[in-house]
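Colleague: Below you'll find the structure I mean.
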Amino acid sequence: FVFQRFFLLPMLTAEENVELPQAEAGLAKAERRRRTQELLEYVGLAARAGHRPSELSGGEMQRVAIARALANRPRLLLADEPTGELDSSTGDQIATLLDRVNADGTALIIVTHDPALAVRARRVLTMSDGRVVREDTR
């Protein structure tokens, strides 16, 4: 799950935030370290691995959150307003990263009010008052 407000643990570095779910899943330390480095490279933050969330920009925090969500190789990634806390340029970078995640084989369900993000989806369900009122497929 990728949250709108990131929910990174502030006392942990980017690397530790990504490694934590792997530790909870019981992965061996060497495998966790390798996978964490791979993920931070994947999201373009290998050089920022030792930084705490307070030392990262909003876009960097969202990329760490995406790396953390991918840590245990999910087949489905849920994202709640992944660009909602970001400026449009950074939001576009995150959308491009999510496109890449999807192209690499992870299914995505994204909740958004951002039309620029929604237009990138192959299927869009529009809801009003808790009901689907429209479905568009591309």
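So you can find residues: chains in the structure tokens are A, B, ... in the order shown, residues in each start at 1, and ligands are numbered from 1 in order.
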For segment 126-132 of chain A, list every protein, DNA or RNA residue within 10 Å, evaluated using only C-alpha atoms, and leave out those in the same chain fewer than 4 positions away; present the list as a PDB file with C-alpha atoms, in the first residue's frame.
Modeller:
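Just written: part_20.pdb:
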ATOM      1  CA  VAL A 111      -7.427   6.156  -5.956  1.00  0.00           C
ATOM      2  CA  THR A 112      -7.019   9.716  -7.205  1.00  0.00           C
ATOM      3  CA  HIS A 113      -8.692  13.032  -7.839  1.00  0.00           C
ATOM      4  CA  ALA A 118      -6.219   9.011 -14.076  1.00  0.00           C
ATOM      5  CA  ASP A 136     -13.800   4.031 -19.177  1.00  0.00           C
TER       6      ASP A 136
END
Colleague: Within chain A, find each residue whose DSSP state, derived from the backbone, is helix (DSSP H, G or I), and express the selection as an MDAnalysis selection string.
Modeller: chainID A and resid 14:24 29:42 46:48 53:55 58:70 88:103 115:118
Colleague: What are the closest atom pairs, with distances in Å to one decimal, for each residue of segment 41-67 of chain A lying within 9 Å of segment 9-32 of chain A, using only C-alpha atoms, rows by chain and rising residue number, as a Markdown table?
Modeller:
| residue | atom | partner | partner_atom | distance |
| --- | --- | --- | --- | --- |
| A:Leu45 | CA | A:Ala14 | CA | 8.6 |
| A:Ala46 | CA | A:Glu15 | CA | 8.6 |
| A:Arg48 | CA | A:Ala14 | CA | 7.2 |
| A:Ala49 | CA | A:Glu15 | CA | 4.8 |
| A:Gly50 | CA | A:Thr13 | CA | 5.3 |
| A:His51 | CA | A:Thr13 | CA | 5.1 |
| A:Arg52 | CA | A:Thr13 | CA | 4.2 |
| A:Pro53 | CA | A:Pro10 | CA | 5.6 |
| A:Ser54 | CA | A:Pro10 | CA | 7.0 |
| A:Leu56 | CA | A:Ala14 | CA | 8.9 |
| A:Met61 | CA | A:Ala14 | CA | 8.1 |
| A:Val64 | CA | A:Ala14 | CA | 6.2 |
| A:Ala65 | CA | A:Val18 | CA | 7.7 |
| A:Ile66 | CA | A:Val18 | CA | 8.9 |
| A:Ala67 | CA | A:Val18 | CA | 6.2 |
Colleague: Calculate how many Å separate atom CA of Phe6 of chain A from atom CA of Glu60 of chain A, rounding to one decimal.
Modeller: 10.0 Å
Colleague: What gap, in Å, lies between atom CA of Leu76 of chain A and atom CA of Val119 of chain A?
Modeller: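 Straight-line distance from atom CA of Leu76 of chain A to atom CA of Val119 of chain A works out to 19.7 Å.
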Colleague: Write out as an MDAnalysis selection string all residues of segment 13-127 of chain A that backbone DSSP assigns to strand (DSSP E or B).
Modeller: chainID A and resid 76:80 107:111 123:127
Colleague: Select, from A:Arg75, A:Arg63, A:Arg123, A:Arg68, the residue with the minimum atom-to-atom distance to Ala95 of chain A, counting only C-alpha atoms.
Modeller: A:Arg63
Colleague: So that I can see what lies close to Ala47 of chain A, please list as a ChimeraX atom specification the residues with an atom at most 10 Å from it, counting only C-alpha atoms and leaving out residues fewer than 6 positions away in the same chain.
Modeller: /A:37,40-41
Colleague: Put those residues in a file: all heavy atoms, as a PDB file, in the first residue's frame.
Modeller:
ATOM      1  N   GLN A  37      18.726  -2.354  -1.621  1.00  0.00           N
ATOM      2  CA  GLN A  37      19.586  -1.602  -2.534  1.00  0.00           C
ATOM      3  C   GLN A  37      19.004  -1.611  -3.939  1.00  0.00           C
ATOM      4  O   GLN A  37      18.956  -0.582  -4.617  1.00  0.00           O
ATOM      5  CB  GLN A  37      21.016  -2.173  -2.532  1.00  0.00           C
ATOM      6  CG  GLN A  37      21.969  -1.418  -3.415  1.00  0.00           C
ATOM      7  CD  GLN A  37      22.187   0.026  -2.974  1.00  0.00           C
ATOM      8  OE1 GLN A  37      22.148   0.344  -1.800  1.00  0.00           O
ATOM      9  NE2 GLN A  37      22.407   0.904  -3.933  1.00  0.00           N
ATOM     10  N   LEU A  40      15.950   0.781  -3.987  1.00  0.00           N
ATOM     11  CA  LEU A  40      16.326   2.194  -3.936  1.00  0.00           C
ATOM     12  C   LEU A  40      16.942   2.638  -5.259  1.00  0.00           C
ATOM     13  O   LEU A  40      16.713   3.770  -5.704  1.00  0.00           O
ATOM     14  CB  LEU A  40      17.245   2.470  -2.751  1.00  0.00           C
ATOM     15  CG  LEU A  40      16.545   2.403  -1.388  1.00  0.00           C
ATOM     16  CD1 LEU A  40      17.557   2.511  -0.259  1.00  0.00           C
ATOM     17  CD2 LEU A  40      15.465   3.464  -1.261  1.00  0.00           C
ATOM     18  N   GLU A  41      17.669   1.768  -5.922  1.00  0.00           N
ATOM     19  CA  GLU A  41      18.169   2.076  -7.265  1.00  0.00           C
ATOM     20  C   GLU A  41      16.997   2.180  -8.239  1.00  0.00           C
ATOM     21  O   GLU A  41      16.955   3.094  -9.073  1.00  0.00           O
ATOM     22  CB  GLU A  41      19.163   1.012  -7.725  1.00  0.00           C
ATOM     23  CG  GLU A  41      20.496   1.107  -7.016  1.00  0.00           C
ATOM     24  CD  GLU A  41      21.454  -0.025  -7.383  1.00  0.00           C
ATOM     25  OE1 GLU A  41      21.207  -0.748  -8.384  1.00  0.00           O
ATOM     26  OE2 GLU A  41      22.447  -0.198  -6.660  1.00  0.00           O
TER      27      GLU A  41
END
Colleague: Have a look at A:Glu81, A:Leu125, A:Arg34, A:Asp92 and name the one nearest to Arg138 of chain A; count only C-alpha atoms.
Modeller: A:Leu125
Colleague: Could you check the closest approach to Gly91 of chain A for each of A:Asn72, A:Thr36, A:Thr106, A:Gln4 and tell me which residue wins, using only C-alpha atoms?
Modeller: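 Closest residue, counting only C-alpha atoms: A:Gln4.
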Colleague: Would you compute the distance between atom CA of Ile110 of chain A and atom CA of Arg122 of chain A? Give it in Å to one decimal.
Modeller: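 Between atom CA of Ile110 of chain A and atom CA of Arg122 of chain A the gap is 11.5 Å.
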